[in-house]
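Enquirer: Please find one structure pasted underneath; my questions will follow.
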Amino acid sequence: MLSVKMALRSIGANKLRAALTMLGIIIGVMALVVLVSLVDSATSSITEEVSSLGSSLLTVRVSDDKGRPVKLEDLQTWVDQEPAVAAVAPYATTTATGKYGTESASFNVYGVTPDEYKIQNMQLTLGRFIASSDVRNNSRVCVVPEKTAVDLIGYSDCLGKEISLNGVKYTIIGVLKDEDESLASILMGSLKIAYIPYTSLIRLSTDTGATVSTFYIGAAEGYTLDQAEKVMTDLLMTRFDDDDDAFAISSQNMIEEAMESISSLLNILLGGIAAISLIVGGIGIMNIMLVTVTERTREIGIRKAIGASRRTILVQFLIEAVVLCMMGCALGIFVSWGILQIISTITASASISFHLNGRVVLLSVLFCFLIGVIFGLYPANQAAKMKPIDALHYGG
């Protein structure tokens, strides 16, 4: 305890020099804590967004139909025949120019069937969703989110209103509840959304075929996603002559696992960069401790002359280096917390909260302690091995 007090007194005697020495450690800790915490928080937010799309959801993409394309009636057959499959929804999209009166905007138009509503966990505030009869009759009806309705029409209670998509008029039959401001909505920007019957989209996008190349699958209650995936894989392998290159099946779990892998890799890379910054800070501490040893040579000689052991001198200067390093670490963590709070305030509208990662804070503390010991050991040893007579005669 006495050694720590002496170390603090020595650091306080040269406040500016100590502050400049700690700056390298502060910057290194900030780089490590802030960058890794940002990556972790952003990854968690994206993973939650992916999970919100539905945990029992598979995405199937057909790249080579082998002359046996998947059609809408095939999807319904699979639902009827396979108990593990609760719903199958085709996916198709195109961009269009939407107009209402004098207002116009770019639209993402999705071709859907009734199962889309169940698979994507949608919620209506007004009206109804696309029905099977709408798909069969190629009806010119659409469902829009509240935000799209307000931005284009001016209000959300717009059932029965007609909007034009690439010159074709569609009657609004339903208004979807908007999700809270999320990362996905921020990334989408000002792009508007409309859902129309799948068969109507085929005509809108001038596609002459009614084939399905991408579709979603919802696992039935009581069945796992893996079981639904196995059933669908067997069906498609039979259909496409046992060619597993003809199609690809992905799940939310795969996306989440990929995000975790990317996050881990980024954490390692960013942690390595930050570690280099901390090592540079450690070199600065070694440099200033060597200067301190030189300045206090006579003090070392006096202490040795009155009986101080080599170990006592070594421990004293080593503790001083560690204390200097840990003070820089504490300041770095505090500043990092402040920066993350500011960033969280700025990104509050995106519902992303950035917070200190406890594991990386602990790692920073341990790493800074090691840096203090490693880079303080040489100067401390230089002080400890001085001969009393040489130290007393230093400087004249």
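For the structure tokens, the naming scheme is as follows: chains receive sequential letters (A, B, ...) according to their order of presentation, residues are indexed from 1 within each chain, and ligands are indexed from 1 in presentation order.
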Would you list, as a ChimeraX atom specification, the residues of range 98-189 of chain A that end up in strand (DSSP E or B) under DSSP run on this structure's backbone?

Expert: /A:98-100,103-112,124-127,141-145,162-165,168-176

Enquirer: Extract, using only C-alpha atoms, all DNA, RNA and protein residues at most 9 Å from range 12-20 of chain A, discarding same-chain residues fewer than 6 positions from it, and format them as a PyMOL selection string.

Expert: chain A and resi 288+324+328

Enquirer: Could you check which of A:Arg359, A:Met327, A:Ala274, A:Ala383 is closest to Ala308 in chain A, using only C-alpha atoms?

Expert: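 Counting only C-alpha atoms, the residue closest to Ala308 in chain A is A:Ala383.
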
Enquirer: Tell me, as a list in words, which residues lie within 8 Å of Tyr110 in chain A, counting only C-alpha atoms; anything in the same chain fewer than 4 positions away does not count.

Expert: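 Everything that qualifies: Tyr91, Ala92, Thr93, Thr94, Ile193, Ala194, Tyr195, Ile196, Tyr198 and Leu201 of chain A.
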
Enquirer: Put those residues in a file: all heavy atoms, as a PDB file, in the first residue's frame.

Expert:
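Saved file out.pdb follows:
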```
ATOM      1  N   TYR A  91     -41.760 -15.981 -53.571  1.00  0.00           N
ATOM      2  CA  TYR A  91     -41.185 -14.645 -53.404  1.00  0.00           C
ATOM      3  C   TYR A  91     -40.760 -14.114 -54.767  1.00  0.00           C
ATOM      4  O   TYR A  91     -40.037 -14.780 -55.511  1.00  0.00           O
ATOM      5  CB  TYR A  91     -39.975 -14.686 -52.476  1.00  0.00           C
ATOM      6  CG  TYR A  91     -39.209 -13.378 -52.397  1.00  0.00           C
ATOM      7  CD1 TYR A  91     -39.583 -12.398 -51.493  1.00  0.00           C
ATOM      8  CD2 TYR A  91     -38.136 -13.124 -53.250  1.00  0.00           C
ATOM      9  CE1 TYR A  91     -38.897 -11.196 -51.422  1.00  0.00           C
ATOM     10  CE2 TYR A  91     -37.434 -11.925 -53.186  1.00  0.00           C
ATOM     11  CZ  TYR A  91     -37.820 -10.967 -52.277  1.00  0.00           C
ATOM     12  OH  TYR A  91     -37.142  -9.773 -52.219  1.00  0.00           O
ATOM     13  N   ALA A  92     -41.243 -12.943 -55.078  1.00  0.00           N
ATOM     14  CA  ALA A  92     -40.811 -12.261 -56.301  1.00  0.00           C
ATOM     15  C   ALA A  92     -40.952 -10.764 -56.053  1.00  0.00           C
ATOM     16  O   ALA A  92     -41.852 -10.327 -55.335  1.00  0.00           O
ATOM     17  CB  ALA A  92     -41.652 -12.682 -57.500  1.00  0.00           C
ATOM     18  N   THR A  93     -40.078  -9.993 -56.634  1.00  0.00           N
ATOM     19  CA  THR A  93     -40.126  -8.545 -56.415  1.00  0.00           C
ATOM     20  C   THR A  93     -39.667  -7.803 -57.661  1.00  0.00           C
ATOM     21  O   THR A  93     -38.916  -8.349 -58.483  1.00  0.00           O
ATOM     22  CB  THR A  93     -39.239  -8.150 -55.220  1.00  0.00           C
ATOM     23  OG1 THR A  93     -39.356  -6.754 -54.972  1.00  0.00           O
ATOM     24  CG2 THR A  93     -37.777  -8.488 -55.477  1.00  0.00           C
ATOM     25  N   THR A  94     -40.151  -6.607 -57.786  1.00  0.00           N
ATOM     26  CA  THR A  94     -39.715  -5.733 -58.862  1.00  0.00           C
ATOM     27  C   THR A  94     -39.821  -4.295 -58.369  1.00  0.00           C
ATOM     28  O   THR A  94     -40.444  -4.037 -57.332  1.00  0.00           O
ATOM     29  CB  THR A  94     -40.571  -5.927 -60.123  1.00  0.00           C
ATOM     30  OG1 THR A  94     -40.006  -5.197 -61.219  1.00  0.00           O
ATOM     31  CG2 THR A  94     -42.005  -5.432 -59.908  1.00  0.00           C
ATOM     32  N   ILE A 193     -43.323   0.491 -50.253  1.00  0.00           N
ATOM     33  CA  ILE A 193     -43.564  -0.942 -50.408  1.00  0.00           C
ATOM     34  C   ILE A 193     -45.025  -1.187 -50.749  1.00  0.00           C
ATOM     35  O   ILE A 193     -45.925  -0.535 -50.218  1.00  0.00           O
ATOM     36  CB  ILE A 193     -43.197  -1.697 -49.115  1.00  0.00           C
ATOM     37  CG1 ILE A 193     -41.698  -1.569 -48.844  1.00  0.00           C
ATOM     38  CG2 ILE A 193     -43.590  -3.171 -49.199  1.00  0.00           C
ATOM     39  CD1 ILE A 193     -41.278  -2.138 -47.501  1.00  0.00           C
ATOM     40  N   ALA A 194     -45.254  -2.150 -51.644  1.00  0.00           N
ATOM     41  CA  ALA A 194     -46.611  -2.589 -51.966  1.00  0.00           C
ATOM     42  C   ALA A 194     -46.598  -4.096 -52.186  1.00  0.00           C
ATOM     43  O   ALA A 194     -45.657  -4.637 -52.783  1.00  0.00           O
ATOM     44  CB  ALA A 194     -47.134  -1.881 -53.212  1.00  0.00           C
ATOM     45  N   TYR A 195     -47.626  -4.778 -51.657  1.00  0.00           N
ATOM     46  CA  TYR A 195     -47.784  -6.217 -51.862  1.00  0.00           C
ATOM     47  C   TYR A 195     -48.973  -6.439 -52.793  1.00  0.00           C
ATOM     48  O   TYR A 195     -50.070  -5.935 -52.539  1.00  0.00           O
ATOM     49  CB  TYR A 195     -48.035  -6.923 -50.530  1.00  0.00           C
ATOM     50  CG  TYR A 195     -46.900  -6.777 -49.550  1.00  0.00           C
ATOM     51  CD1 TYR A 195     -46.885  -5.736 -48.612  1.00  0.00           C
ATOM     52  CD2 TYR A 195     -45.837  -7.673 -49.535  1.00  0.00           C
ATOM     53  CE1 TYR A 195     -45.847  -5.598 -47.704  1.00  0.00           C
ATOM     54  CE2 TYR A 195     -44.785  -7.543 -48.637  1.00  0.00           C
ATOM     55  CZ  TYR A 195     -44.799  -6.498 -47.729  1.00  0.00           C
ATOM     56  OH  TYR A 195     -43.763  -6.361 -46.841  1.00  0.00           O
ATOM     57  N   ILE A 196     -48.743  -7.201 -53.856  1.00  0.00           N
ATOM     58  CA  ILE A 196     -49.805  -7.496 -54.808  1.00  0.00           C
ATOM     59  C   ILE A 196     -49.841  -9.013 -55.031  1.00  0.00           C
ATOM     60  O   ILE A 196     -48.899  -9.717 -54.669  1.00  0.00           O
ATOM     61  CB  ILE A 196     -49.595  -6.751 -56.158  1.00  0.00           C
ATOM     62  CG1 ILE A 196     -48.330  -7.270 -56.864  1.00  0.00           C
ATOM     63  CG2 ILE A 196     -49.503  -5.246 -55.932  1.00  0.00           C
ATOM     64  CD1 ILE A 196     -48.124  -6.663 -58.249  1.00  0.00           C
ATOM     65  N   TYR A 198     -49.281 -12.618 -56.464  1.00  0.00           N
ATOM     66  CA  TYR A 198     -48.100 -13.112 -57.179  1.00  0.00           C
ATOM     67  C   TYR A 198     -48.331 -13.122 -58.688  1.00  0.00           C
ATOM     68  O   TYR A 198     -47.451 -12.732 -59.458  1.00  0.00           O
ATOM     69  CB  TYR A 198     -47.762 -14.524 -56.681  1.00  0.00           C
ATOM     70  CG  TYR A 198     -46.475 -15.068 -57.258  1.00  0.00           C
ATOM     71  CD1 TYR A 198     -45.248 -14.769 -56.676  1.00  0.00           C
ATOM     72  CD2 TYR A 198     -46.489 -15.893 -58.376  1.00  0.00           C
ATOM     73  CE1 TYR A 198     -44.060 -15.261 -57.203  1.00  0.00           C
ATOM     74  CE2 TYR A 198     -45.316 -16.402 -58.910  1.00  0.00           C
ATOM     75  CZ  TYR A 198     -44.105 -16.084 -58.320  1.00  0.00           C
ATOM     76  OH  TYR A 198     -42.934 -16.572 -58.849  1.00  0.00           O
ATOM     77  N   LEU A 201     -48.028  -9.710 -60.196  1.00  0.00           N
ATOM     78  CA  LEU A 201     -46.646  -9.240 -60.324  1.00  0.00           C
ATOM     79  C   LEU A 201     -46.002  -9.780 -61.592  1.00  0.00           C
ATOM     80  O   LEU A 201     -45.225  -9.093 -62.254  1.00  0.00           O
ATOM     81  CB  LEU A 201     -45.819  -9.659 -59.114  1.00  0.00           C
ATOM     82  CG  LEU A 201     -44.369  -9.154 -59.189  1.00  0.00           C
ATOM     83  CD1 LEU A 201     -44.283  -7.759 -58.590  1.00  0.00           C
ATOM     84  CD2 LEU A 201     -43.405 -10.080 -58.493  1.00  0.00           C
TER      85      LEU A 201
END
```

Enquirer: Contacts of Ser336 in chain A at 9 Å or less, counting only C-alpha atoms, minus same-chain residues fewer than 6 places along, as a list of chain:residue names?

Expert: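 Contacts, with the query itself left out: A:Val29, A:Met30, A:Ala31, A:Val33, A:Val34, A:Leu356.
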
Enquirer: When you count only C-alpha atoms, which of these residues is closest to Lys387 in chain A: A:Leu35, A:Ile302, A:Ile172, A:Ala220?

Expert: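 Distance minimum relative to Lys387 in chain A lands on A:Ile302.
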
Enquirer: Please list as an mmCIF file with C-alpha atoms, in the first residue's frame every residue within 12 Å of Ser133 in chain A, counting only C-alpha atoms and excluding residues in the same chain fewer than 6 positions away.

Expert:
```cif
data_model
loop_
_atom_site.group_PDB
_atom_site.id
_atom_site.type_symbol
_atom_site.label_atom_id
_atom_site.label_comp_id
_atom_site.auth_asym_id
_atom_site.auth_seq_id
_atom_site.Cartn_x
_atom_site.Cartn_y
_atom_site.Cartn_z
ATOM 1 C CA THR A 113 -49.827 -15.321 -51.771
ATOM 2 C CA PRO A 114 -51.944 -15.565 -48.577
ATOM 3 C CA SER A 139 -56.707 -9.174 -59.226
ATOM 4 C CA ARG A 140 -55.351 -5.660 -59.314
ATOM 5 C CA VAL A 141 -55.370 -5.166 -55.564
ATOM 6 C CA PRO A 197 -50.968 -10.986 -55.886
ATOM 7 C CA TYR A 198 -48.100 -13.112 -57.179
ATOM 8 C CA THR A 199 -49.788 -13.633 -60.529
ATOM 9 C CA SER A 200 -50.339 -9.885 -60.904
#
```

Enquirer: Can I get the residues of range 57-122 of chain A within 9 Å of range 221-235 of chain A, each with the closest pair of atoms and their distance in Å to one decimal, using only C-alpha atoms, sorted chain first then ascending number, as JSON lines?

Expert:
```
{"residue": "A:Leu57", "atom": "CA", "partner": "A:Leu225", "partner_atom": "CA", "distance": 7.3}
{"residue": "A:Leu58", "atom": "CA", "partner": "A:Glu229", "partner_atom": "CA", "distance": 7.2}
{"residue": "A:Val60", "atom": "CA", "partner": "A:Met232", "partner_atom": "CA", "distance": 8.9}
{"residue": "A:Trp78", "atom": "CA", "partner": "A:Leu235", "partner_atom": "CA", "distance": 8.6}
{"residue": "A:Glu82", "atom": "CA", "partner": "A:Val231", "partner_atom": "CA", "distance": 7.7}
{"residue": "A:Pro83", "atom": "CA", "partner": "A:Tyr223", "partner_atom": "CA", "distance": 8.6}
{"residue": "A:Ala84", "atom": "CA", "partner": "A:Ala228", "partner_atom": "CA", "distance": 5.3}
{"residue": "A:Val85", "atom": "CA", "partner": "A:Ala228", "partner_atom": "CA", "distance": 6.0}
{"residue": "A:Ala86", "atom": "CA", "partner": "A:Glu221", "partner_atom": "CA", "distance": 7.5}
```

Enquirer: Keeping only C-alpha atoms, take the residues you just selected and write them out as a CSV table (one decimal), in the first residue's frame.

Expert:
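New file again26.csv:
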```csv
chain,number,residue,atom,x,y,z
A,57,LEU,CA,-38.5,-19.8,-41.9
A,58,LEU,CA,-36.6,-21.5,-44.7
A,60,VAL,CA,-35.4,-21.9,-51.1
A,78,TRP,CA,-46.5,-29.7,-50.8
A,82,GLU,CA,-46.3,-32.7,-46.0
A,83,PRO,CA,-47.2,-32.4,-42.3
A,84,ALA,CA,-43.9,-30.7,-41.5
A,85,VAL,CA,-44.6,-27.9,-43.8
A,86,ALA,CA,-47.2,-25.4,-42.5
```

Enquirer: Mind giving me the straight-line distance from CA of Thr292 in chain A to CA of Gly28 in chain A in Å, one decimal?

Expert: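 Spanning CA of Thr292 in chain A to CA of Gly28 in chain A is a straight-line distance of 22.9 Å.
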